[in-house]
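Asks: Handing you this structure, nothing more for now.
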Amino acid sequence: MAAPEPPKLENQSLPPSSLLRARTGPLTEDLVREPGRFGLGQTPVRLVPDATTTMVCGFCSTGCGLSIHMKDGQAINLSPDSEYPVNLGMACPKGWEALTPLDAPDRATTPLLRNREGKLEPVDWERALFLFCERFKEIKARHGPESVAFLSTGQITTEEMAFLGSLFKFGMGFIHCDSNTRQCMATAHVAYKQSFGFDAPPFTYADFEESDVLIFIGSNPCIAHPIMWQRVMRNPHHPEIVVVDPRRTETAMAATQHYSIRPKSDLILLYGLANLLIQRGAVNRDFVLAHTTGFPEFTRFVEEYPPEVVTLATGISVEQLDRLADTIASGERVSFWWTMGVNQGHESTRTAQAIINLALMTGNIGRPGTGANSITGQCNAMGSRLFANITSLIGGHDATCKEDRAKIASILSLNESVIPQQRAMAYDEIVQAINKGRIKGLWIIATNSSASWIHQRQFNEIIAKLDFLVVQDLYHTTATAQRADLVLPAAGWGEKEGTFINSERRIGLVKKVHRAPGQALSDFHIFQLIAHYWGCSDKFKRWTSPEAVFHLLKDISRNQPCDITGIEDYRMLDEQGGVQWPFPERINRSEEQPDQNKKEVSFSKERRLFEDGKFFTEDGRARFLFSLPREMPEKPDDDFPFLLLTGRGTSLQWHTNTRTEKSDVLRKLYPKQCYVEINPEDAQRLGIRVNAIVSIASRRAKITARAFITPTVQPGQVFIPMHYPKVNELTFPAFDQHSRQPSYKASAVRISRSEG
Ligand SMILES: Nc1nc2c(c(=O)[nH]1)N[C@H]1C(S)=C(S)[C@@H](COP(=O)(O)OP(=O)(O)OC[C@H]3O[C@@H](n4cnc5c(=O)[nH]c(N)nc54)[C@H](O)[C@@H]3O)O[C@H]1N2
Ligand SMILES: Nc1nc2c(c(=O)[nH]1)N[C@H]1C(S)=C(S)[C@@H](COP(=O)(O)OP(=O)(O)OC[C@H]3O[C@@H](n4cnc5c(=O)[nH]c(N)nc54)[C@H](O)[C@@H]3O)O[C@H]1N2
Ligand code: SF4
Ligand SMILES: [Mo]
């Protein structure tokens with residue numbers, strides 16, 4: 001598709017700024033205070049007044065409801081909401097401390113521009129926005145529409161994500177963009193899309209309470225999703241709880257069965273289990289015949305995975321394998337749950353689909369307490385998957401499909417030609433394109449790539465080649481912001497309004513309960529201003545407020561599996577404790593129970609997918625998908641004999657710790673210094689004592705950490721939490737070929753007592 005001609009720089013379509021100044025005095029202050037007056041969109045939100053108000057948490061995808069206590073128009077405290085259907089009055093420490101990071105002294109309060117001496121110095125919004133447009137337009141004019149990219153997030157509102165993706169592609173005329181959900185949920189997204197025809201995690205949290213067998217694969221909810229785990233603890237059926245994880249995690253300790261498999265041997269384990277279940281006659285033939293395709297081929301394929309083969313690959317015994325197969329076969333309501341131990345692997349899509357296959361063949365889907373259930377990571381990774389307009393056309397549409405393009409163009413009042421049909425590059429491809437000089441400009445929003453991306457040193461060397469790097473974040477101190485040419489100060493969770501979609505597809509509301517510091521603006525507002533300064537605000541005339549965009553998204557969702565046309569407005573989300581998709585108009589109407597005294601709509605609070613056995617593929621059937629297992633890309637060897645696992649360390653730390661390190665309460669409760677978990681046998685052999693400083697080297701870097709000696713890791717393996725960002729200096733950049741998600745949990749390292 002030909003991109004629209006970049007406007008000439010000397011003849012900018014940007015002068016409104018100077019006009020505004022002439023008319024209204026100092027622009028920056030006016031913009032910040034009252035942008036609506038200048039046709040730049042209404043001030044997106046008003047602070048909620050004094051009272052207690054409920055909104056969803058902005059850390060993990062559990063999406064707990066928090067009651068925020070207000071005084072003089074500012075949040076002063078919070079407590080978990082006892083009415084909210086997700087958390088039922090519970091919250092984890094991050095939730096309790098959610099307001100604290102907003103008041104941190106290192107908040108970015110003005111735009112910052114790198115000066116000639118290489119230092120970031122404050123500039124006003126007008127100059128920042130002008131430069132933002134000038135530099136990116138310059139790059140585009142010189143190198144074309146493929147030369148600027150963005151990397152965004154699963155942690156801003158759905159409305160902001162939709163705005164960003166639409167502004168960048170339809171307004172600014174660029175193509176390549178991705179987000180940190182590539183690091184996180186890309187595998188689940190692709191696996192579901194291929195198997196079910198749409199990216200559709202089928203479960204509702206009540207399933208945690210209704211299963212008689214729960215199987216967690218590569219998932220540590222005690223640490224990563226503590227309130228989901230509380231829901232498991234409420235299960236009254238004395239369930240079997242199975243954990244498949246190389247480490248004996250907190251969740252494994254609380255489970256009834258733990259299978260400590262060799263890392264990255266899940267695919268063979270799952271194929272072996274399928275084979276055993278078929279041999280035992282534990283297949284739900286009626287379900288398979290009526291609702292799936294590919295089972296006969298799958299049956300022949302898994303014959304190659306008899307118990308001896310599986311034992312050799314996974315390290316678990318034939319008896320253990322038998323026990324696990326029996327547990328699945330004898331369960332009435334078996335639910336399978338997976339998280340990053342599966343999604344972050346070199347053959348992760350097929351591994352996720354091997355889990356889906358088990359659920360399909362045993363008919364454990366579409367009924368209470370069942371499902372092939374991917375647990376999402378960030379508060380709004382689900383919103384990003386559906387509405388970010390990155391990998392798929394906004395609303396789960398297909399940019400290569402003429403009807404889909406026409407639908408989106410018509411709803412958004414756009415000319416169809418502005419919708420790029422070209423596939424956007426994935427995160428790793430964007431990084432490589434920067435390395436090759438094809439991408440010269442990068443805009444990073446709400447992700448700390450310099451810390452969280454795989455093979456960190458290489459990433460940071462590569463982004464140093466950019467002509468222009470813009471970082472939009474809450475803090476000017478993040479590893480990524482410190483490398484920026486321009487920092488845009490953003491308002492965070494609690495300082496703006498919009499929606500998040502949680503793991504069970506529940507759309508929840510976030511509200512403005514706190515004033516953003518200084519001149520920080522909501523991401524939504526920043527996108528409005530960029531549209532204006534870029535000269536494409538005519539395409540976003542109706543994008544006046546988050547709620548206005550929510551209504552556009554409803555229209556976009558019509559007749560999609562994620563149809564939410566039945567949600568009336570934000571007020572309804574607020575009153576109903578969130579609403580799960582799908583919620584089409586017809587459900588809203590059919591479930592309406594008129595009550596003489598009340599005009600309110602009432603509807604069932606829980607929504608589980610596939611109750612009718614119909615999937616979103618063209619023939620309505622789910623697919624059995626499988627391929628031959630592949631070797632781990634970087635196996636331990638004589639030089640680097642340990643396998644490094646990484647992941648979440650405590651329920652108190654969030655990712656690269658930019659937010660959670662701001663709370664005194666949380667900081668007291670987790671180890672300050674980076675630590676490495678080592679098995680006692682290995683520690684003894686290497687002469688490493690408790691708390692000693694050790695060095696950990698991979699082919700890419702060497703770091704130091706404190707030794708935490710524990711039998712929870714197997715001999716030959718070590719674990720470092722991802723919250724200490726230097727861990728990604730060590731990680732090996734391997735990617736799943738279908739989802740292009742990085743394999744963060746398998747790198748070869750060497751451990752030694754630190755010389756220093
Ligand atoms: N406190 C806290 N909570 C969080 C987050 C946070 O940063 N802090 N982040 C959120 C986000 S974005 C995400 S994506 C989720 C992640 O949630 P989880 O995926 O549950 O957390 P991880 O610790 O990354 O990985 C889970 C487990 O995978 C195991 N594992 C490693 N390799 C393998 C393997 O080959 N096979 C198997 N079966 N298991 C393996 C690890 O030992 C680890 O215990 O957590 C969310 N919740
Ligand atoms: N080794 C290893 N690495 C990993 C993983 C692993 O398991 N092991 N897990 C991966 C996974 S699953 C994930 S999800 C990623 C997470 O990686 P990142 O996304 O890099 O982690 P965060 O620390 O959450 O970074 C979010 C940034 O956004 C900013 N921010 C927060 N809210 C807002 C907002 O409203 N607006 C703006 N503009 N900024 C905001 C925060 O200050 C922070 O700097 O890490 C991945 N990296
Ligand atoms: S479990 Fe997740 S959503 Fe709930 S309070 Fe903790 S961080 Fe927030
Ligand atoms: Mo994640």
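Letters for chains follow the order of the structure tokens (A, B, ...), residue numbers begin at 1 for each chain, and ligand numbers begin at 1 in the order shown.
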Hey, which residues sit close to ligand 4? Say within 7 Å, counting only C-alpha atoms and all ligand atoms, and write them as a PDB file with all heavy atoms, in the first residue's frame.
Replies:
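pocket_32.pdb written:
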```
ATOM      1  N   THR A 181       3.599  -7.390  24.756  1.00  0.00           N
ATOM      2  CA  THR A 181       2.811  -8.619  24.827  1.00  0.00           C
ATOM      3  C   THR A 181       3.442  -9.699  23.941  1.00  0.00           C
ATOM      4  O   THR A 181       3.140 -10.866  24.077  1.00  0.00           O
ATOM      5  CB  THR A 181       1.338  -8.396  24.455  1.00  0.00           C
ATOM      6  OG1 THR A 181       1.279  -7.670  23.248  1.00  0.00           O
ATOM      7  CG2 THR A 181       0.611  -7.610  25.522  1.00  0.00           C
ATOM      8  N   GLN A 183       6.445 -10.474  24.321  1.00  0.00           N
ATOM      9  CA  GLN A 183       7.317 -11.157  25.290  1.00  0.00           C
ATOM     10  C   GLN A 183       6.502 -12.073  26.188  1.00  0.00           C
ATOM     11  O   GLN A 183       7.054 -12.784  27.007  1.00  0.00           O
ATOM     12  CB  GLN A 183       8.026 -10.113  26.171  1.00  0.00           C
ATOM     13  CG  GLN A 183       9.003  -9.242  25.433  1.00  0.00           C
ATOM     14  CD  GLN A 183       9.216  -7.916  26.149  1.00  0.00           C
ATOM     15  OE1 GLN A 183       8.474  -6.973  25.973  1.00  0.00           O
ATOM     16  NE2 GLN A 183      10.262  -7.832  26.945  1.00  0.00           N
ATOM     17  N   CYS A 184       5.205 -12.000  26.065  1.00  0.00           N
ATOM     18  CA  CYS A 184       4.324 -12.442  27.135  1.00  0.00           C
ATOM     19  C   CYS A 184       3.196 -13.327  26.610  1.00  0.00           C
ATOM     20  O   CYS A 184       3.091 -14.492  26.972  1.00  0.00           O
ATOM     21  CB  CYS A 184       3.809 -11.153  27.773  1.00  0.00           C
ATOM     22  SG  CYS A 184       2.720 -11.304  29.134  1.00  0.00           S
ATOM     23  N   MET A 185       2.365 -12.783  25.740  1.00  0.00           N
ATOM     24  CA  MET A 185       1.150 -13.491  25.345  1.00  0.00           C
ATOM     25  C   MET A 185       1.081 -13.886  23.872  1.00  0.00           C
ATOM     26  O   MET A 185       0.093 -14.463  23.438  1.00  0.00           O
ATOM     27  CB  MET A 185      -0.073 -12.626  25.665  1.00  0.00           C
ATOM     28  CG  MET A 185      -0.210 -12.228  27.120  1.00  0.00           C
ATOM     29  SD  MET A 185       0.078 -13.531  28.353  1.00  0.00           S
ATOM     30  CE  MET A 185      -1.142 -14.744  27.907  1.00  0.00           C
ATOM     31  N   GLY A 377      -0.792 -12.075  31.475  1.00  0.00           N
ATOM     32  CA  GLY A 377       0.184 -11.475  32.373  1.00  0.00           C
ATOM     33  C   GLY A 377      -0.196 -10.094  32.879  1.00  0.00           C
ATOM     34  O   GLY A 377      -0.579  -9.910  34.028  1.00  0.00           O
ATOM     35  N   GLN A 378      -0.108  -9.098  31.986  1.00  0.00           N
ATOM     36  CA  GLN A 378      -0.297  -7.711  32.411  1.00  0.00           C
ATOM     37  C   GLN A 378      -1.775  -7.350  32.480  1.00  0.00           C
ATOM     38  O   GLN A 378      -2.610  -7.948  31.798  1.00  0.00           O
ATOM     39  CB  GLN A 378       0.375  -6.767  31.420  1.00  0.00           C
ATOM     40  CG  GLN A 378       1.853  -7.036  31.231  1.00  0.00           C
ATOM     41  CD  GLN A 378       2.377  -6.354  29.972  1.00  0.00           C
ATOM     42  OE1 GLN A 378       2.645  -5.176  29.981  1.00  0.00           O
ATOM     43  NE2 GLN A 378       2.531  -7.104  28.894  1.00  0.00           N
TER      44      GLN A 378
END
```
Asks: From a DSSP calculation on the backbone, collect every residue of region 376-547 of chain A in alpha helix (DSSP H) and output the set as a ChimeraX atom specification.
Replies: /A:381-387,402-411,427-435,449-452,456-463,523-534,546-547
Asks: With DSSP run on the backbone, what are the strand (DSSP E) residues within region 576-671 of chain A? I'd like them as a list in words.
Replies: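 Here are the strand (DSSP E) residues of region 576-671 of chain A: Val579, Gln580, Ala622, Arg623, Phe642, Leu643, Leu644, Leu645, Thr646 and Gly647 of chain A.
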Asks: Name the residues, by chain letter and number, that sit within 6 Å of ligand 1 using only C-alpha atoms and all ligand atoms, and give them as a VMD selection string.
Replies: chain A and resid 60 184 217 to 221 223 to 225 244 to 247 249 263 to 264 266 339 to 342 377 to 378 645 647 to 648 650 to 655 745
Asks: List all protein, DNA and RNA residues that have an atom no more than 6 Å from any atom of ligand 3, counting only C-alpha atoms and all ligand atoms, and report them as a list in words.
Replies: Cys57, Phe59, Cys60, Ser61, Thr62, Gly63, Cys64, Ala91, Cys92, Lys94, Gly95, His225, Pro226 and Ile227 of chain A
Asks: Which residues are near ligand 2 in this structure, taking near to mean any atom at most 7 Å from a ligand atom and counting only C-alpha atoms and all ligand atoms? Format them as a PyMOL selection string.
Replies: chain A and resi 153+155-156+180-181+183-184+340+377-378+445-449+451-454+472-475+478+490-493+523+646-648+654-659+722+727-728+731+744-745
Asks: Tell me, in Å to one decimal, how far CA of Arg300 (chain A) is from CA of Thr351 (chain A).
Replies: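 Between CA of Arg300 (chain A) and CA of Thr351 (chain A) the gap works out to 17.8 Å.
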Asks: Tyr533 (chain A): which residues within 7 Å, counting only C-alpha atoms, same-chain residues fewer than 3 positions away excluded, as an mmCIF file with C-alpha atoms, in the first residue's frame?
Replies:
```cif
data_model
loop_
_atom_site.group_PDB
_atom_site.id
_atom_site.type_symbol
_atom_site.label_atom_id
_atom_site.label_comp_id
_atom_site.auth_asym_id
_atom_site.auth_seq_id
_atom_site.Cartn_x
_atom_site.Cartn_y
_atom_site.Cartn_z
ATOM 1 C CA LEU A 14 1.528 22.449 12.257
ATOM 2 C CA LEU A 129 5.511 17.783 20.148
ATOM 3 C CA PHE A 130 6.905 19.881 17.365
ATOM 4 C CA CYS A 133 6.674 15.343 14.486
ATOM 5 C CA LEU A 529 -1.868 16.151 20.709
ATOM 6 C CA ILE A 530 0.396 14.196 18.387
#
```
Asks: Find the residue from A:Ile463, A:Met228, A:Leu643, A:Val749 that sits nearest to Gly437 (chain A); use only C-alpha atoms when measuring.
Replies: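 Among the listed residues, A:Ile463 lies closest to Gly437 (chain A).
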Asks: Would you give me, as a Markdown table, each residue of region 176-258 of chain A having an atom within 12 Å of an atom of region 164-172 of chain A, along with its shortest atom pair and that distance in Å to one decimal, using only C-alpha atoms and sorting by chain and residue number?
Replies:
```
| residue | atom | partner | partner_atom | distance |
| --- | --- | --- | --- | --- |
| A:His176 | CA | A:Lys169 | CA | 8.3 |
| A:Cys177 | CA | A:Gly165 | CA | 8.0 |
| A:Asp178 | CA | A:Gly165 | CA | 9.3 |
| A:Ser179 | CA | A:Gly165 | CA | 10.5 |
```
